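Q: Pasting structure.cif here (mmCIF, C-alpha atoms):
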data_final
loop_
_atom_site.label_atom_id
_atom_site.label_comp_id
_atom_site.auth_asym_id
_atom_site.auth_seq_id
_atom_site.Cartn_x
_atom_site.Cartn_y
_atom_site.Cartn_z
CA MET A 228 131.01 108.12 60.93
CA ASP A 229 128.32 110.77 61.44
CA GLU A 230 128.40 110.16 65.15
CA GLN A 231 132.15 110.70 65.29
CA GLU A 232 131.79 113.97 63.44
CA GLN A 233 129.14 115.06 65.89
CA LEU A 234 131.47 114.32 68.79
CA LYS A 235 134.12 116.58 67.26
CA ASP A 236 131.71 119.45 67.31
CA PHE A 237 131.83 120.73 70.89
CA SER A 238 130.38 124.10 70.06
CA SER A 239 126.94 123.08 71.32
CA ILE A 240 128.48 122.27 74.71
CA THR A 241 130.39 125.49 75.10
CA ASP A 242 127.43 127.53 73.87
CA VAL A 243 125.05 126.49 76.64
CA ASP A 244 123.81 129.25 78.91
CA ARG A 245 126.13 128.94 81.91
CA LEU A 246 123.86 131.01 84.08
CA ILE A 247 121.21 128.30 83.77
CA HIS A 248 123.68 125.40 83.62
CA GLU A 249 124.66 125.69 87.30
CA PRO A 250 122.73 122.85 89.10
CA ALA A 251 121.03 124.97 91.77
CA ARG A 252 119.88 127.58 89.24
CA LEU A 253 118.85 124.83 86.83
CA ALA A 254 116.62 123.34 89.53
CA MET A 255 115.09 126.76 90.23
CA MET A 256 114.55 127.52 86.55
CA ALA A 257 113.06 124.06 85.85
CA LEU A 258 110.59 124.39 88.70
CA LEU A 259 109.58 127.93 87.79
CA TYR A 260 109.27 126.89 84.14
CA VAL A 261 106.54 124.35 84.94
CA VAL A 262 104.54 126.57 87.30
CA GLU A 263 103.23 130.09 86.87
CA CYS A 264 104.82 131.43 90.05
CA ALA A 265 105.94 130.23 93.47
CA ASP A 266 107.04 131.84 96.68
CA PHE A 267 110.49 131.63 98.26
CA THR A 268 109.47 129.01 100.85
CA PHE A 269 107.97 126.70 98.24
CA LEU A 270 111.04 126.96 96.04
CA MET A 271 113.31 126.30 99.00
CA ASN A 272 111.36 123.16 99.97
CA GLN A 273 111.17 121.81 96.43
CA THR A 274 114.79 122.38 95.45
CA GLY A 275 116.28 121.50 98.84
CA LEU A 276 118.49 124.60 98.72
CA SER A 277 119.36 126.50 101.86
CA TRP A 278 117.96 129.98 102.42
CA GLY A 279 121.28 131.71 101.71
CA ASN A 280 122.02 129.64 98.63
CA LEU A 281 118.59 130.21 97.14
CA SER A 282 118.74 133.91 97.91
CA ALA A 283 122.11 134.28 96.17
CA HIS A 284 121.00 132.36 93.06
CA MET A 285 117.74 134.27 93.00
CA SER A 286 119.65 137.55 92.89
CA LYS A 287 121.81 136.34 89.99
CA LEU A 288 118.82 135.24 87.97
CA GLU A 289 117.01 138.48 88.76
CA GLU A 290 120.00 140.56 87.67
CA SER A 291 120.14 138.67 84.38
CA GLY A 292 116.48 139.46 83.75
CA TYR A 293 115.38 135.81 83.89
CA LEU A 294 113.47 136.14 87.12
CA GLU A 295 110.89 138.58 88.40
CA VAL A 296 110.88 138.96 92.17
CA GLU A 297 107.93 140.52 93.93
CA LYS A 298 108.20 141.28 97.64
CA SER A 299 105.04 141.86 99.62
CA PHE A 300 103.34 141.10 102.93
CA LYS A 301 100.74 138.39 103.52
CA GLY A 302 99.13 139.63 106.67
CA ARG A 303 102.15 140.46 108.82
CA ARG A 304 104.43 137.92 107.18
CA PRO A 305 106.86 138.98 104.46
CA ASN A 306 106.39 137.09 101.23
CA THR A 307 108.70 136.84 98.23
CA ASN A 308 107.06 135.67 95.05
CA LEU A 309 109.10 134.51 92.07
CA ARG A 310 108.21 133.99 88.43
CA LEU A 311 110.16 133.56 85.22
CA THR A 312 110.15 136.51 82.87
CA ASP A 313 109.49 135.97 79.16
CA ALA A 314 113.24 136.23 78.60
CA GLY A 315 113.80 133.60 81.31
CA ARG A 316 111.27 131.22 79.75
CA LYS A 317 112.84 131.67 76.35
CA ALA A 318 116.36 131.17 77.71
CA PHE A 319 115.32 127.99 79.52
CA HIS A 320 113.59 126.71 76.39
CA VAL A 321 116.73 127.32 74.31
CA TYR A 322 118.92 125.71 76.99
CA ARG A 323 116.67 122.67 77.14
CA SER A 324 116.58 122.26 73.34
CA ARG A 325 120.33 122.60 73.10
CA MET A 326 121.01 120.06 75.85
CA LYS A 327 118.49 117.64 74.40
CA GLN A 328 120.02 117.98 70.92
CA MET A 329 123.50 117.47 72.31
CA LEU A 330 122.69 114.48 74.53
CA ASP A 331 120.51 112.79 71.94
CA GLY A 332 123.43 112.97 69.50
CA LEU A 333 125.78 111.02 71.75
CA PRO A 334 126.53 107.48 70.57
CA GLU A 335 125.47 104.51 72.70
CA LEU A 336 128.37 102.77 74.45
CA ASP A 337 129.01 99.19 73.37
CA GLN A 338 128.45 96.93 76.36
CA MET B 199 112.15 113.00 75.13
CA SER B 200 113.67 112.41 78.55
CA SER B 201 113.85 116.13 79.33
CA GLN B 202 110.13 116.49 78.62
CA LEU B 203 109.41 113.59 80.96
CA ASP B 204 111.54 115.11 83.71
CA LEU B 205 109.75 118.44 83.52
CA LYS B 206 106.42 116.67 83.80
CA GLN B 207 107.70 114.81 86.84
CA ILE B 208 108.94 118.03 88.43
CA GLU B 209 105.54 119.63 87.92
CA ARG B 210 103.66 116.58 89.18
CA ARG B 211 105.90 116.24 92.25
CA ALA B 212 105.41 119.91 93.05
CA PHE B 213 101.65 119.58 92.61
CA ARG B 214 101.36 116.44 94.71
CA SER B 215 103.47 117.95 97.48
CA THR B 216 100.58 120.34 98.13
CA HIS B 217 98.44 117.31 99.08
CA GLN B 218 100.97 115.73 101.42
CA ASP B 219 99.76 117.52 104.54
CA GLY B 220 96.99 114.93 105.11
CA LEU B 221 94.37 117.64 105.62
CA TRP B 222 92.15 116.41 102.77
CA ASP B 223 92.13 112.90 104.28
CA MET B 224 91.20 114.17 107.75
CA TYR B 225 88.55 116.46 106.27
CA PHE B 226 86.95 113.65 104.26
CA GLY B 227 87.14 111.34 107.29
CA LEU B 228 85.05 113.88 109.22
CA VAL B 229 82.72 114.33 106.23
CA ILE B 230 82.10 110.56 106.10
CA ILE B 231 81.20 110.59 109.80
CA CYS B 232 78.88 113.58 109.24
CA VAL B 233 77.20 111.99 106.21
CA GLY B 234 76.84 108.75 108.16
CA VAL B 235 75.13 110.57 111.02
CA PHE B 236 72.91 112.33 108.46
CA THR B 237 71.82 109.12 106.69
CA TYR B 238 71.32 107.18 109.93
CA ARG B 239 67.65 106.80 110.81
CA PRO B 240 67.20 106.79 114.61
CA PRO B 241 64.49 104.45 116.03
CA GLU B 242 62.71 107.43 117.59
CA GLY B 243 62.42 109.05 114.16
CA TYR B 244 64.36 111.53 112.10
CA SER B 245 64.27 115.06 113.47
CA LEU B 246 65.37 118.53 112.45
CA LEU B 247 68.06 118.26 115.11
CA ASN B 248 69.82 115.61 112.98
CA LEU B 249 70.02 118.04 110.08
CA VAL B 250 71.15 120.98 112.23
CA LEU B 251 73.82 118.92 114.00
CA ASN B 252 74.98 117.50 110.68
CA MET B 253 75.30 120.90 109.01
CA THR B 254 77.11 122.31 112.05
CA ALA B 255 79.56 119.39 112.05
CA LEU B 256 80.17 119.77 108.29
CA CYS B 257 80.85 123.51 108.69
CA LEU B 258 83.18 122.77 111.60
CA ALA B 259 85.06 120.17 109.53
CA TYR B 260 85.49 122.60 106.64
CA GLY B 261 86.52 125.38 109.04
CA LEU B 262 89.24 123.14 110.50
CA PHE B 263 90.42 122.21 107.01
CA TRP B 264 90.57 125.85 105.90
CA ALA B 265 92.36 126.97 109.07
CA GLY B 266 94.83 124.08 108.74
CA LYS B 267 95.71 125.07 105.18
CA LYS B 268 96.00 128.77 105.99
CA PHE B 269 97.82 128.66 109.32
CA ILE B 270 99.76 125.40 109.19
CA THR B 271 100.39 124.22 105.61
CA ILE B 272 101.03 127.44 103.71
CA PRO B 273 103.52 128.99 106.17
CA ARG B 274 105.51 125.73 106.11
CA LEU B 275 105.22 124.57 102.50
CA GLY B 276 104.92 127.92 100.76
CA GLN B 277 102.57 128.96 98.01
CA VAL B 278 102.53 128.11 94.34
CA ARG B 279 100.35 128.88 91.36
CA PHE B 280 100.28 126.15 88.75
CA GLY B 281 100.04 126.61 85.02
CA GLU B 282 97.14 126.83 82.61
CA ALA B 283 96.92 123.04 82.12
CA ARG B 284 96.07 122.50 85.81
CA ARG B 285 93.51 125.31 85.78
CA LYS B 286 91.92 123.82 82.66
CA ARG B 287 91.57 120.48 84.46
CA GLY B 288 89.91 122.32 87.35
CA ARG B 289 87.43 124.00 85.01
CA THR B 290 86.65 120.68 83.29
CA LEU B 291 86.02 119.09 86.69
CA ALA B 292 83.69 121.95 87.66
CA ILE B 293 81.67 121.47 84.46
CA ILE B 294 81.47 117.68 84.90
CA LEU B 295 80.51 117.95 88.58
CA SER B 296 77.81 120.49 87.70
CA ALA B 297 76.40 118.00 85.19
CA VAL B 298 76.58 115.21 87.81
CA VAL B 299 74.73 117.38 90.35
CA LEU B 300 72.07 118.17 87.73
CA VAL B 301 71.60 114.45 87.06
CA GLN B 302 71.35 113.78 90.81
CA VAL B 303 68.78 116.56 91.27
CA GLY B 304 66.87 115.11 88.30
CA VAL B 305 66.85 111.64 89.89
CA LEU B 306 65.72 113.16 93.19
CA LEU B 307 62.89 115.11 91.54
CA LEU B 308 61.79 112.02 89.59
CA THR B 309 61.74 110.05 92.87
CA VAL B 310 59.64 112.73 94.57
CA ALA B 311 57.31 112.88 91.55
CA GLY B 312 57.05 109.08 91.64
CA TRP B 313 56.11 109.03 95.31
CA LEU B 314 53.55 111.80 94.78
CA ASN B 315 51.89 109.71 92.06
CA GLU B 316 49.77 107.39 94.20
CA ASP B 317 49.41 104.58 91.62
CA PHE B 318 53.13 104.53 90.87
CA ALA B 319 54.05 104.80 94.58
CA ALA B 320 51.76 101.87 95.42
CA LYS B 321 53.31 99.71 92.66
CA LEU B 322 56.83 100.66 93.72
CA ASN B 323 56.07 99.98 97.38
CA THR B 324 54.56 96.61 96.52
CA PHE B 325 57.59 95.67 94.42
CA LEU B 326 60.21 96.86 96.89
CA ASN B 327 58.49 95.37 99.92
CA THR B 328 58.11 91.92 98.39
CA LYS B 329 61.58 91.00 99.57
CA ASN B 330 62.83 91.85 103.02
CA GLY B 331 65.35 94.71 102.92
CA LEU B 332 65.07 95.33 99.16
CA MET B 333 63.91 98.91 99.73
CA ASP B 334 66.92 99.77 101.92
CA LEU B 335 69.28 97.98 99.54
CA THR B 336 67.95 99.94 96.55
CA VAL B 337 68.28 103.27 98.35
CA ALA B 338 71.75 102.28 99.59
CA ILE B 339 72.91 101.50 96.04
CA ILE B 340 71.51 104.77 94.70
CA GLY B 341 73.06 106.70 97.61
CA SER B 342 76.52 105.21 97.09
CA LEU B 343 76.27 105.82 93.32
CA PHE B 344 75.50 109.47 94.07
CA VAL B 345 78.73 109.79 96.06
CA GLY B 346 81.29 107.33 94.64
CA PRO B 347 81.62 108.20 90.92
CA SER B 348 81.70 111.97 91.48
CA MET B 349 84.43 111.58 94.09
CA ILE B 350 86.41 109.31 91.74
CA LEU B 351 86.18 112.06 89.11
CA MET B 352 87.44 114.57 91.68
CA ALA B 353 90.40 112.33 92.48
CA TYR B 354 91.24 111.92 88.78
CA PHE B 355 91.01 115.60 87.83
CA ASN B 356 92.81 116.74 90.98
CA ASP B 357 95.62 114.22 90.37
CA PHE B 358 95.12 112.97 93.92
CA PRO B 359 95.77 109.18 94.09
CA ARG B 360 94.57 108.79 97.70
CA GLY B 361 91.30 110.31 96.51
CA TYR B 362 90.33 106.98 94.87
CA TYR B 363 90.61 105.23 98.24
CA ILE B 364 88.62 108.02 99.91
CA ALA B 365 85.94 107.83 97.17
CA ILE B 366 85.54 104.05 97.55
CA MET B 367 85.45 104.28 101.34
CA THR B 368 82.89 107.11 101.27
CA ALA B 369 80.63 105.18 98.88
CA LEU B 370 81.00 102.11 101.11
CA ALA B 371 80.13 104.14 104.22
CA VAL B 372 76.99 105.56 102.59
CA PHE B 373 75.99 102.12 101.32
CA LEU B 374 76.44 100.32 104.64
CA THR B 375 74.86 103.07 106.74
CA ILE B 376 71.71 103.22 104.61
CA TRP B 377 71.44 99.46 104.14
CA LEU B 378 72.21 98.31 107.68
CA ASN B 379 71.29 101.57 109.47
CA ASN B 380 74.12 101.35 111.96
CA LEU B 381 76.37 104.25 112.96
CA ILE B 382 79.37 102.01 113.55
CA TYR B 383 80.12 101.80 109.80
CA PRO B 384 80.56 105.52 109.05
CA LEU B 385 82.45 105.97 112.32
CA MET B 386 84.85 103.15 111.49
CA ILE B 387 85.26 104.04 107.83
CA GLY B 388 85.65 107.75 108.67
CA ALA B 389 88.41 106.81 111.10
CA LEU B 390 90.08 104.60 108.44
CA VAL B 391 90.16 107.58 106.09
CA ALA B 392 91.20 110.17 108.68
CA LEU B 393 93.92 108.08 110.32
CA PRO B 394 96.34 107.98 107.34
CA GLY B 395 95.73 111.72 107.06
CA LEU B 396 96.73 112.21 110.68
CA ILE B 397 99.92 110.20 110.12
CA LEU B 398 100.72 112.23 106.99
CA PHE B 399 100.05 115.42 108.94
CA VAL B 400 102.57 114.47 111.64
CA ILE B 401 105.14 113.54 108.97
CA PHE B 402 104.44 116.85 107.22
CA LEU B 403 104.98 118.85 110.43
CA ARG B 404 108.30 117.11 111.02
CA LYS B 405 109.44 117.45 107.41
CA TYR B 406 108.51 121.10 107.05
CA PRO B 407 109.26 123.02 110.23
CA LEU B 408 107.97 126.56 110.44
CA GLN B 409 110.38 129.01 108.79
CA GLN B 410 111.48 132.10 110.67
CA GLU B 411 109.57 135.16 109.46
CA SER B 412 112.72 136.81 108.12
CA LYS B 413 113.52 133.69 106.09
CA ASN B 414 110.28 133.93 104.14
CA ASN B 415 111.68 137.05 102.60
CA GLY B 416 114.48 136.01 100.34
#
Would you give me this structure, written as structure tokens?

A:
Amino acid sequence: MDEQEQLKDFSSITDVDRLIHEPARLAMMALLYVVECADFTFLMNQTGLSWGNLSAHMSKLEESGYLEVEKSFKGRRPNTNLRLTDAGRKAFHVYRSRMKQMLDGLPELDQ
Amino acid sequence: MSSQLDLKQIERRAFRSTHQDGLWDMYFGLVIICVGVFTYRPPEGYSLLNLVLNMTALCLAYGLFWAGKKFITIPRLGQVRFGEARRKRGRTLAIILSAVVLVQVGVLLLTVAGWLNEDFAAKLNTFLNTKNGLMDLTVAIIGSLFVGPSMILMAYFNDFPRGYYIAIMTALAVFLTIWLNNLIYPLMIGALVALPGLILFVIFLRKYPLQQESKNNG
């Protein structure tokens, strides 16, 4: 009975942070959450996103204040370094807790 | 529960990807060959030239490793700074390795002191020379124990699974070279360590082509 009541309550689903919920951004956020910082090339290799895709998602996350982007030169090569801001870390933590809570509450299917 | 596990896997996969260029394997393969040449005792006697050549070869091996990381790996794979937990493991390893080196220096000093004590040296010589090859076997065991356990610790704290294989092979190379005094062992074992590294390096170059300069700047 409790499980059925939980299923009726969809508010936890609709309340998730949609900015993070998008798969490409979720991959970026998850990776940056477990490291201190990473450059654009590393993120591109790890997530498998194309340059344009990653660049677009990076801009969105930066605009929302979740991501700090630092552009510099390493020798003569341009380098873009990314790290999560405190707000980004907190948002990811909340997102993760909410998803975990929601998925853990789902009933097991009878086989 | 599962989300925590996934994040750990993401972090571990990212960390291990930094070791997939095969450079560590090739570097240690060269180090094994250098150490083998260093521990080999030529029939005409050990000379300063052995030491100079060995140090030069070791510096060259490290130089190649450093240049490979800087000019080949980083431009292709990118750069990452891992979290506090990884740095803490690194600091723990540094402390443990310092203690291991202190123990090794202590053993070395005790050995020197023992040889300088004529009575003790005579007794030790008599004991070790009673059986043919016992002296070389004893030194070979001590030599491999100097190398093996500390390299296993390095593999564990650096989360580098191939490091266990490298540690065992290095200890084996030191043991066989000292015991049997033949250069073929370090050369063969060094090649067995370096070869997988070379294969990984080729795979790495194919998997991660060099990005255009403009594309490094997102």

Q: Starting from the point (71.8, 100.4, 110.7), work out which residues of protein, DNA or RNA have an atom no more than 12 Å away when counting all atoms listed in the file; state them as a list in words.

A: Gly234, Val235, Thr237, Tyr238, Arg239, Pro240, Pro241, Gly331, Asp334, Leu335, Ala338, Ala371, Val372, Phe373, Leu374, Thr375, Ile376, Trp377, Leu378, Asn379, Asn380, Leu381, Ile382, Tyr383 and Pro384 of chain B

Q: Using all atoms listed in the file, determine which residues lie at most 8 Å from B:Gln218, disregarding the query and same-chain residues fewer than 6 positions distant; provide the list as a PyMOL selection string.

A: chain B and resi 398-399+402

Q: Any chance you could resolve the PyMOL selection byres ((chain A) within 7 of (chain B)) against this file and give the residues as a tab-separated table (two decimals) with C-alpha atoms, in the frame of the given file?

A:
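The result, written out as part_23.tsv:
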chain	number	residue	atom	x	y	z
A	257	ALA	CA	113.06	124.06	85.85
A	258	LEU	CA	110.59	124.39	88.70
A	261	VAL	CA	106.54	124.35	84.94
A	262	VAL	CA	104.54	126.57	87.30
A	263	GLU	CA	103.23	130.09	86.87
A	264	CYS	CA	104.82	131.43	90.05
A	265	ALA	CA	105.94	130.23	93.47
A	266	ASP	CA	107.04	131.84	96.68
A	267	PHE	CA	110.49	131.63	98.26
A	268	THR	CA	109.47	129.01	100.85
A	269	PHE	CA	107.97	126.70	98.24
A	272	ASN	CA	111.36	123.16	99.97
A	273	GLN	CA	111.17	121.81	96.43
A	278	TRP	CA	117.96	129.98	102.42
A	282	SER	CA	118.74	133.91	97.91
A	304	ARG	CA	104.43	137.92	107.18
A	305	PRO	CA	106.86	138.98	104.46
A	306	ASN	CA	106.39	137.09	101.23
A	307	THR	CA	108.70	136.84	98.23
A	327	LYS	CA	118.49	117.64	74.40

Q: Evaluate the PyMOL selection byres ((chain B and resi 344) around 10) and record the selected residues as a PyMOL selection string, following the chain and residue labels used in the document.

A: chain B and resi 298-299+301-302+305+338-343+345-349+369+372

Q: Give, as JSON, the centre coordinates and the x, y and z edge lengths in Å to one decimal for an axis-aligned box around all listed atoms of stretch 273-277 of chain A, padded by 6 Å on each side.

A:
{"center_x": 115.3, "center_y": 124.0, "center_z": 98.7, "size_x": 20.2, "size_y": 17.0, "size_z": 18.4}
